[in-house]
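Visitor: Structure below; questions to follow.
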Amino acid sequence: MTGGRVAVLGSGMHPWGKWGKNFVSYGVVAAREALRDAGMAWTDVQFVAGGETVRNGYPGYVAGSTFAQALGWSGARIATNYAACASGAQAIDAARARILAGLCDVALVIGSDTTPKGFLAPSGGERRTDADWLRFRLVGATNPTYFALYARRRMELYGETEADWAQVKVKNARHGLNNPNARYRKEVAVEDVLRSQMVSDPLRLLQICTTSDGAAALVLTSMEYAKRHGVADPVTVAAVSTVTPTFPQTVVEMPYLATDSAATVAPPERLFRDAIAHAALEEAGIGPEDLSLAEVYDLSTALELDWYENIGLCKEGEAVKLLHDGDTSLGGRVPVNPSGGLACFGEAVPAQAIAQVCEVTWQLRGQAEGRQVENATVGLTINQGLFGHGSSVICVR
Amino acid sequence: MPEAPVPAVDGWFDTEPEPHLIGARCPSCGTVAFPPEIFGCPNPRCESFDDLERVPLSRRGRVWSFSVNHFAAPPPALSPEPFEPYAVAGVELAEERIVVLGRVAEGAALDGLKVGDEMEIIIEPIIPGADELVWKWKPVNA
């Protein structure tokens, strides 16, 4: 199912942090950075795909339009995509589809968020038919509660310990030290992690990512346009996986309170997270052994280990060995989260999947100063959004 | 007199003859789902458009995983004052092969909780004194 490619000509971010400003201001900075990086003008853009934020009122619901107006109405067509943490990948997919369909040559993808302090919570009001509202009301099931359920499974199945997971934080903190867009740029020791407050047992504060303000943007173009623009060897998007689960979904996923029943139909060959990666690799026509690096969604340290196995970097249960052997550290066989990951960024929901692709773009161009993966040619990003949204992008140069 | 607590959601559980969750069952392929408020059989290869039947689910299952939360969840979650840590368990119902999340019952010892422990459903106020009832998981050997 190998599809056509589009070029990534521009990549830009507004640094992650807790800035407390209007989300539109970050998005505009990221968009201008991406356009500057591409050597293009805003008026060259024919299509704007915005990642939706649900925390910033109506302007957030119509993010594509909001950014188009903020940059100055130019008549560009727009779309807004919501898929929770996968919103960015869906926006990339919308832009790519429009380019590959021949409906435009130049698209700008933007995601930006301003987040509140503390746990992410559902929108206000009383909504007893909304699974997201109900999981808080009935069960008190926060996002870290779900991360903790998965983490404890790893303890149970593979005998992993808090100290094993803490090594993920230590690695990512080291990776992010020199990343100018990262919010946290400080070494962390295993003892710091193990001394931090218990949040959702077995996960402590430093085993879970925080929420952040931030924005990321990409300029995507047709291959033909890139050539005309004088870029003979651009980073290209080789695959975008936005798959949904296959029945029966046997892992309980946010925001649901139960799995499907596996009593009448056998579980699928690939569980959801495996299927997200598989669809991307298949579309790109490569295997996990071809990856130079990966940016994975380390909502928790233990979840980063799940992704190693989901992608196929190692067999089930062997992720800690891969980590301890240094394979996923800078300088190792396949560095994971060279950007520092969510451990150093915190999550800015609609921007995060786009930010992952920004990092891969810089890595494949050899511009990731202070965190460069040597001779990187193929990078994969992966995450998932609640309500069954898959998100994985493969870039090749 | 405060009013008697009522179910936080209608039709998801019942206390008679014994506390149990209510599932929806497809009369054609037999697939059972929880919660029962769904809009047709969840099996994508089932061609049936028949109305789903309401069925009681197994009252017991085993812990698939669990977490003890040391911080209060934000609204609309309910939290006691002062806050007390609470546990959330995913319990796999053996017959239906469904994992259902629920709070662990008030007063259950959280220290000894283990994956694989047998749990039984009870119906309780969401937190002590709350006027909304919910299902919870209670360790069988506690």
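Identifiers for the structure tokens are assigned positionally: chains receive A, B, ... in sequence, residues are indexed from 1 per chain, and ligands are indexed from 1 in the order shown.
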Which residues of chain B are close to chain A, meaning at most 8 Å apart when you count only C-alpha atoms, and how do they look as a VMD selection string?

Guide: chain B and resid 8 to 9 29 to 35 42 to 44 64 to 71 73 to 78 88 90 95 to 103 115 126 134

Visitor: Keeping only N, CA and C atoms, write the selected residues as a compact mmCIF listing (two decimals), in the first residue's frame.

Guide:
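Everything below was put into selection_1.txt:
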```
# COMPACT_ATOMS: atom_id res chain seq x y z
N ALA B 8 -25.90 6.72 39.50
CA ALA B 8 -25.28 7.84 38.79
C ALA B 8 -25.59 7.78 37.30
N VAL B 9 -25.84 6.58 36.81
CA VAL B 9 -26.27 6.39 35.41
C VAL B 9 -27.40 5.38 35.42
N CYS B 29 -25.27 -12.75 17.14
CA CYS B 29 -23.92 -13.35 17.27
C CYS B 29 -23.53 -13.61 18.72
N GLY B 30 -24.32 -13.13 19.66
CA GLY B 30 -24.06 -13.43 21.07
C GLY B 30 -23.04 -12.52 21.73
N THR B 31 -22.52 -11.54 21.01
CA THR B 31 -21.55 -10.63 21.62
C THR B 31 -22.20 -9.81 22.73
N VAL B 32 -21.48 -9.72 23.85
CA VAL B 32 -21.96 -8.96 25.00
C VAL B 32 -21.10 -7.71 25.14
N ALA B 33 -21.72 -6.59 25.49
CA ALA B 33 -20.98 -5.34 25.64
C ALA B 33 -21.36 -4.63 26.92
N PHE B 34 -20.39 -3.91 27.50
CA PHE B 34 -20.64 -3.04 28.63
C PHE B 34 -19.87 -1.76 28.39
N PRO B 35 -20.44 -0.58 28.67
CA PRO B 35 -21.81 -0.35 29.12
C PRO B 35 -22.85 -0.70 28.05
N PRO B 42 -21.53 -4.44 18.50
CA PRO B 42 -20.20 -3.88 18.27
C PRO B 42 -19.31 -4.75 17.37
N ASN B 43 -19.77 -5.96 17.06
CA ASN B 43 -18.99 -6.85 16.20
C ASN B 43 -19.18 -6.40 14.74
N PRO B 44 -18.11 -5.92 14.09
CA PRO B 44 -18.28 -5.32 12.75
C PRO B 44 -18.71 -6.33 11.69
N TRP B 64 -7.12 -7.37 36.47
CA TRP B 64 -6.21 -7.32 35.30
C TRP B 64 -5.07 -6.35 35.60
N SER B 65 -5.42 -5.23 36.20
CA SER B 65 -4.43 -4.26 36.66
C SER B 65 -5.15 -3.29 37.60
N PHE B 66 -4.37 -2.49 38.33
CA PHE B 66 -4.99 -1.51 39.22
C PHE B 66 -4.00 -0.40 39.51
N SER B 67 -4.52 0.71 40.01
CA SER B 67 -3.68 1.85 40.40
C SER B 67 -4.27 2.46 41.66
N VAL B 68 -3.40 2.95 42.53
CA VAL B 68 -3.87 3.70 43.70
C VAL B 68 -3.55 5.16 43.45
N ASN B 69 -4.58 5.99 43.44
CA ASN B 69 -4.40 7.42 43.14
C ASN B 69 -4.17 8.21 44.41
N HIS B 70 -3.07 8.99 44.41
CA HIS B 70 -2.70 9.76 45.60
C HIS B 70 -3.05 11.24 45.49
N PHE B 71 -3.71 11.61 44.38
CA PHE B 71 -4.18 12.98 44.22
C PHE B 71 -5.65 12.94 43.81
N ALA B 73 -8.86 13.54 41.73
CA ALA B 73 -9.16 13.76 40.32
C ALA B 73 -9.97 15.04 40.21
N PRO B 74 -9.82 15.79 39.09
CA PRO B 74 -10.55 17.06 38.95
C PRO B 74 -12.04 16.81 38.72
N PRO B 75 -12.91 17.83 38.93
CA PRO B 75 -14.33 17.68 38.63
C PRO B 75 -14.50 17.26 37.17
N PRO B 76 -15.52 16.49 36.85
CA PRO B 76 -16.67 16.15 37.69
C PRO B 76 -16.46 14.99 38.65
N ALA B 77 -15.20 14.53 38.85
CA ALA B 77 -14.97 13.48 39.84
C ALA B 77 -15.37 14.00 41.22
N LEU B 78 -15.79 13.11 42.08
CA LEU B 78 -16.13 13.46 43.46
C LEU B 78 -14.98 13.01 44.36
N VAL B 88 -8.35 2.31 41.67
CA VAL B 88 -9.14 1.96 40.48
C VAL B 88 -8.62 0.63 39.98
N GLY B 90 -9.06 -2.62 37.09
CA GLY B 90 -9.66 -3.22 35.89
C GLY B 90 -9.85 -4.69 36.21
N GLU B 95 -16.25 -15.06 32.11
CA GLU B 95 -17.17 -15.61 31.12
C GLU B 95 -17.31 -14.67 29.92
N GLU B 96 -17.48 -13.38 30.20
CA GLU B 96 -17.70 -12.40 29.12
C GLU B 96 -16.39 -11.96 28.46
N ARG B 97 -15.26 -12.18 29.17
CA ARG B 97 -13.94 -11.69 28.72
C ARG B 97 -13.98 -10.20 28.39
N ILE B 98 -14.52 -9.45 29.37
CA ILE B 98 -14.55 -8.00 29.32
C ILE B 98 -13.81 -7.49 30.55
N VAL B 99 -12.91 -6.52 30.37
CA VAL B 99 -12.29 -5.86 31.53
C VAL B 99 -13.11 -4.61 31.84
N VAL B 100 -13.59 -4.50 33.08
CA VAL B 100 -14.40 -3.36 33.49
C VAL B 100 -13.66 -2.59 34.59
N LEU B 101 -13.46 -1.29 34.37
CA LEU B 101 -12.83 -0.46 35.40
C LEU B 101 -13.85 -0.10 36.47
N GLY B 102 -13.38 0.03 37.68
CA GLY B 102 -14.25 0.49 38.76
C GLY B 102 -13.40 0.92 39.94
N ARG B 103 -13.99 1.74 40.80
CA ARG B 103 -13.29 2.05 42.05
C ARG B 103 -13.27 0.79 42.90
N VAL B 115 -2.55 -8.14 41.13
CA VAL B 115 -3.10 -8.61 39.86
C VAL B 115 -3.49 -10.08 40.04
N ILE B 126 -20.65 6.91 45.30
CA ILE B 126 -19.35 7.12 44.63
C ILE B 126 -18.27 7.39 45.67
N VAL B 134 -22.73 3.92 42.40
CA VAL B 134 -21.93 3.38 41.30
C VAL B 134 -21.51 1.96 41.68
```

Visitor: Tell me, which residues of range 192-255 of chain A carry DSSP strand (DSSP E or B), written as a PyMOL selection string?

Guide: chain A and resi 198-201+203-204+208+211+213-222+235-241

Visitor: Skipping near chain neighbours, those fewer than 6 positions away, what residues fall within 8 Å of Gly385 in chain A using only C-alpha atoms, listed as a list in words?

Guide: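 Result of the neighbour search: Ala83, Ala84, Cys85, Ala86, Ser87 and Ser391 of chain A.
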
Visitor: Tell me, in Å to one decimal, how far CA of Ile122 in chain B is from CA of Lys136 in chain B.

Guide: 5.4 Å

Visitor: Among the residues of range 39-221 of chain A, find those DSSP assigns to helix (DSSP H, G or I) from the backbone and print them as a VMD selection string.

Guide: chain A and resid 42 to 44 57 to 61 63 to 70 84 to 100 131 to 139 143 to 158 162 to 178 190 to 195 205 to 207
